[in-house]
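**Student:** Take a look at the following structure, please.
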Amino acid sequence: MRLLKPAFASFVRNKKLLLYISNIAIIIGLIMVIFGYKIVVEKIYKNEIENNIKNRTIFISSKDTEVINFNDIMNIEDIEKSQYIFNPLTVKINDVFFNIKNDILLDESKIIYGRNCEDDKIEMVIPDSLENAVDLLGTSVVIQYKDLIIKAEIVGIYNDITKQSYGYSSTKFMQNIVQYDQEIINTSACLAVINKYENLENVMQQLKNKNYSSNLYDTSALNDIKTYRSVDSIFNVLIGIMTLLIYIILSMIITNIINSGKKDIAILKAIGYKQLDIFKIIFYRIFLITIISFTFAIIIHKTLGILLEYKIIKIANLKLSYNLNLEFIYYIIILLVLIFMVIIISLKNVKKIKQIDTIILLKE
């Protein structure tokens, strides 16, 4: 504690103190904002890109045989579901015609009422563009395919943005149709859903080892992923540049503190303060600036969040509501990084403190 008084006695009267604090606070505040955006983009990626079924569905075809061996496919641990490819089917409900697909292609996040189909039941999810779709939810309806009549339960309604009016049917529903019409099934190809997008390359390599060809079913997903990676890289570069800028400013501040306080340092040496004591005094000063700047940076970050009304973030054509406020752990991480920089910069300037000679300064 005896070092605190000489550390701050003249320091608080430093005319550049406010400038130091404001510059660092603004930069740290901007880093927090950018870091918040980075976290939001990652959440969007996880929720809307990585977990989207279209980005986890692959098309598999056989190279050497006309029939896919499902045991080979399902023995791959990261594949959670696989089904044969069906040719387009047109069915009729209450004299209304529409096309059906297998429910493996349905993105469950698009279901606005009800749920997805269960494989072992005769069920269907219908589009909201279908007339009286809401009235059909939870009811059993008669579905006609050519001369085949199937009774199925409508268990869900999805948001049909494209207005293509596709219905999605359960595996058991499709099995009934296959028994009636074998021509609709393509046994030399199938679709498979991977549990996580990050396992895509591993699964495709395993399929290649089993002599199967595979590729992403919906290649538009690649554009989503490319966009995410580009945006994430930009955020990383910005954070890196601003972190470097903070380091440079802190270095300039400590150099200024040493240069402007040479006489004070010389006097402290003359009255018996050790080299380590002088170092601690300089460290306390730069540490104080950092802590005050960090506190104001949090205020800047919170204020910007209110002023800009961070409710809707639009990244890669996705609109979602996310909060850009950082979790407490991220504030701690940023503070620890700042303290680490202060320690490194302070240690690098030990030599400058040693070079301040009392006699030389008195001659000046």
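Convention: chains lettered A, B, ... in structure tokens order; per-chain residue numbering from 1; ligands numbered from 1 as shown.
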From a backbone DSSP assignment, name each residue in stretch 112-256 of chain A labelled strand (DSSP E), as JSON, numbers by chain.
**Tutor:** {"A": [112, 113, 114, 123, 124, 125, 126, 127, 140, 141, 142, 143, 144, 145, 148, 149, 150, 151, 152, 153, 154, 155, 156, 157, 158, 166, 167, 168, 169, 185, 186, 187, 188, 189, 190, 191, 192, 193, 194, 212, 213, 214, 215, 216]}
**Student:** Considering only C-alpha atoms, return as number ranges by chain whatever protein or nucleic-acid residues lie within 8 Å of A:Ser165, sequence-local ones (same chain, fewer than 3 positions apart) excluded.
**Tutor:** A: 98-99, 126-127, 129-130, 160, 162
**Student:** How would the residues just chosen look if you wrote them out with N, CA and C atoms as an mmCIF file, in the first residue's frame?
**Tutor:**
```
data_model
loop_
_atom_site.group_PDB
_atom_site.id
_atom_site.type_symbol
_atom_site.label_atom_id
_atom_site.label_comp_id
_atom_site.auth_asym_id
_atom_site.auth_seq_id
_atom_site.Cartn_x
_atom_site.Cartn_y
_atom_site.Cartn_z
ATOM 1 N N PHE A 98 -52.021 -32.741 -54.874
ATOM 2 C CA PHE A 98 -50.730 -32.139 -54.502
ATOM 3 C C PHE A 98 -49.669 -33.222 -54.486
ATOM 4 N N ASN A 99 -48.418 -32.811 -54.523
ATOM 5 C CA ASN A 99 -47.293 -33.753 -54.576
ATOM 6 C C ASN A 99 -46.831 -34.095 -53.164
ATOM 7 N N ILE A 126 -48.767 -31.627 -43.911
ATOM 8 C CA ILE A 126 -49.252 -30.950 -45.108
ATOM 9 C C ILE A 126 -48.850 -29.466 -45.093
ATOM 10 N N PRO A 127 -48.848 -28.814 -46.253
ATOM 11 C CA PRO A 127 -48.460 -27.402 -46.318
ATOM 12 C C PRO A 127 -49.600 -26.489 -45.871
ATOM 13 N N SER A 129 -50.365 -23.934 -47.335
ATOM 14 C CA SER A 129 -50.983 -23.413 -48.561
ATOM 15 C C SER A 129 -52.145 -24.293 -49.028
ATOM 16 N N LEU A 130 -52.261 -25.479 -48.461
ATOM 17 C CA LEU A 130 -53.366 -26.369 -48.813
ATOM 18 C C LEU A 130 -54.657 -25.837 -48.202
ATOM 19 N N ASP A 160 -45.308 -23.243 -45.916
ATOM 20 C CA ASP A 160 -44.956 -23.483 -47.317
ATOM 21 C C ASP A 160 -44.601 -22.153 -47.996
ATOM 22 N N THR A 162 -42.490 -21.514 -50.412
ATOM 23 C CA THR A 162 -42.355 -21.590 -51.872
ATOM 24 C C THR A 162 -43.684 -21.807 -52.589
#
```
**Student:** Report as a Markdown table: every residue of stretch 88-108 of chain A with an atom at most 10 Å from stretch 53-68 of chain A, its closest pair of atoms, and their distance in Å to one decimal, counting only C-alpha atoms, with rows sorted by chain and ascending residue number.
**Tutor:**
```
| residue | atom | partner | partner_atom | distance |
| --- | --- | --- | --- | --- |
| A:Ile104 | CA | A:Ile53 | CA | 8.3 |
| A:Leu105 | CA | A:Lys54 | CA | 7.0 |
| A:Leu106 | CA | A:Ile53 | CA | 7.3 |
| A:Asp107 | CA | A:Ile53 | CA | 5.5 |
| A:Glu108 | CA | A:Ile53 | CA | 8.0 |
```
**Student:** Output N, CA and C atoms for every residue in that selection, as a short mmCIF file (atom, residue, chain, number, x, y, z; two decimals), in the first residue's frame.
**Tutor:**
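Result went into again.cif, see below:
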```
data_model
loop_
_atom_site.label_atom_id
_atom_site.label_comp_id
_atom_site.auth_asym_id
_atom_site.auth_seq_id
_atom_site.Cartn_x
_atom_site.Cartn_y
_atom_site.Cartn_z
N ILE A 104 -38.12 -37.30 -44.75
CA ILE A 104 -36.70 -37.11 -44.47
C ILE A 104 -36.22 -35.74 -44.97
N LEU A 105 -36.95 -35.18 -45.92
CA LEU A 105 -36.56 -33.89 -46.49
C LEU A 105 -37.22 -32.69 -45.80
N LEU A 106 -38.04 -32.96 -44.81
CA LEU A 106 -38.77 -31.86 -44.16
C LEU A 106 -37.92 -31.24 -43.04
N ASP A 107 -37.74 -29.95 -43.13
CA ASP A 107 -37.06 -29.20 -42.07
C ASP A 107 -38.07 -28.97 -40.95
N GLU A 108 -37.85 -29.62 -39.81
CA GLU A 108 -38.84 -29.58 -38.73
C GLU A 108 -39.05 -28.17 -38.18
#
```
**Student:** Return the single residue from A:Ile149, A:Ile300, A:Val155, A:Val142 that is closest to A:Gly114, with distances computed using only C-alpha atoms.
**Tutor:**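 With only C-alpha atoms as the atom set, the closest residue is A:Val155.
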**Student:** Any idea what the distance is between atom CA of A:Ile21 and atom CA of A:Ile253?
**Tutor:**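 Between atom CA of A:Ile21 and atom CA of A:Ile253 the gap is 10.1 Å.
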**Student:** Report as a short mmCIF file (atom, residue, chain, number, x, y, z; two decimals) with C-alpha atoms, in the first residue's frame all protein, DNA and RNA residues lying within 9 Å of stretch 28-32 of chain A, evaluated on only C-alpha atoms, omitting residues in the same chain fewer than 2 positions from it.
**Tutor:**
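result.cif was written with the following content:
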```cif
data_model
loop_
_atom_site.label_atom_id
_atom_site.label_comp_id
_atom_site.auth_asym_id
_atom_site.auth_seq_id
_atom_site.Cartn_x
_atom_site.Cartn_y
_atom_site.Cartn_z
CA ASN A 23 -9.41 6.00 -26.41
CA ILE A 24 -8.97 2.60 -24.80
CA ALA A 25 -12.60 2.47 -23.57
CA ILE A 26 -13.98 3.17 -27.06
CA ILE A 34 -17.99 -7.03 -32.63
CA PHE A 35 -17.50 -10.00 -30.32
CA GLY A 36 -21.24 -9.92 -29.63
CA TYR A 37 -21.95 -9.99 -33.37
CA LEU A 238 -11.44 -6.74 -36.89
CA ILE A 239 -11.00 -8.08 -33.36
CA MET A 242 -8.40 -3.62 -32.53
CA THR A 243 -6.54 -5.80 -30.03
CA ILE A 246 -5.02 -1.44 -27.81
CA SER A 293 -11.22 2.03 -19.43
CA PHE A 294 -12.68 -1.47 -19.20
CA PHE A 296 -16.38 2.57 -19.36
CA ALA A 297 -16.12 0.09 -22.26
CA ILE A 298 -18.89 -2.02 -20.71
CA ILE A 299 -21.06 1.10 -20.42
CA ILE A 300 -20.34 1.95 -24.08
CA HIS A 301 -21.20 -1.59 -25.13
CA LYS A 302 -24.49 -1.58 -23.20
CA LEU A 304 -24.76 0.99 -28.11
CA ASN A 325 -25.08 -8.62 -24.62
CA LEU A 326 -22.08 -10.74 -23.70
CA TYR A 330 -16.65 -13.17 -21.93
CA TYR A 331 -16.15 -9.93 -19.98
CA ILE A 334 -11.47 -9.76 -22.25
#
```
**Student:** Nearest to A:Val96: which of A:Ile143, A:Ala266, A:Ile194, A:Met74 is it, counting only C-alpha atoms?
**Tutor:** A:Ile143
**Student:** Between A:Val134, A:Lys352, A:Lys101, A:Ile161, which one has atoms that come closest to A:Lys262, using only C-alpha atoms?
**Tutor:**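 Checking each of A:Val134, A:Lys352, A:Lys101, A:Ile161 against A:Lys262, counting only C-alpha atoms, the winner is A:Lys352.
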**Student:** At a cut-off of 12 Å, using only C-alpha atoms, what residues contact A:Lys121? Leave out same-chain residues fewer than 5 positions from it and give the result as a list in words.
**Tutor:** Asn116, Lys151, Ala152, Glu153, Ile154, Val155, Ser169, Ser170, Thr171, Lys172, Phe173, Met174, Gln175 and Asn176 of chain A
**Student:** Quick check for you: according to DSSP on this backbone, which residues of stretch 112-288 of chain A are classed as alpha helix (DSSP H)? Reply as an NGL selection string.
**Tutor:** :A and (133-136 or 171-180 or 200-209 or 220-260 or 262-270 or 275-288)
**Student:** If you count only C-alpha atoms, which residues fall within 7 Å of A:Ile184, apart from same-chain ones fewer than 5 positions away, as a PyMOL selection string?
**Tutor:** chain A and resi 86-87+178
**Student:** Taking C-alpha atoms for each residue, export the selection above as a compact mmCIF listing (two decimals), in the first residue's frame.
**Tutor:**
```
# COMPACT_ATOMS: atom_id res chain seq x y z
CA PHE A 86 -38.85 -41.95 -54.47
CA ASN A 87 -40.01 -40.55 -57.77
CA VAL A 178 -44.27 -49.04 -52.82
```
**Student:** Quick one: distance from atom CA of A:Ile100 to atom CA of A:Asp78 in Å, one decimal?
**Tutor:**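 Here the two named atoms are 27.2 Å from each other.
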**Student:** For a quick check of understanding, using only C-alpha atoms, which of A:Leu335, A:Met252, A:Ile177, A:Ile257 has the smallest distance to A:Ile122?
**Tutor:**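 Going through A:Leu335, A:Met252, A:Ile177, A:Ile257 one by one, the smallest distance to A:Ile122 is for A:Ile177.
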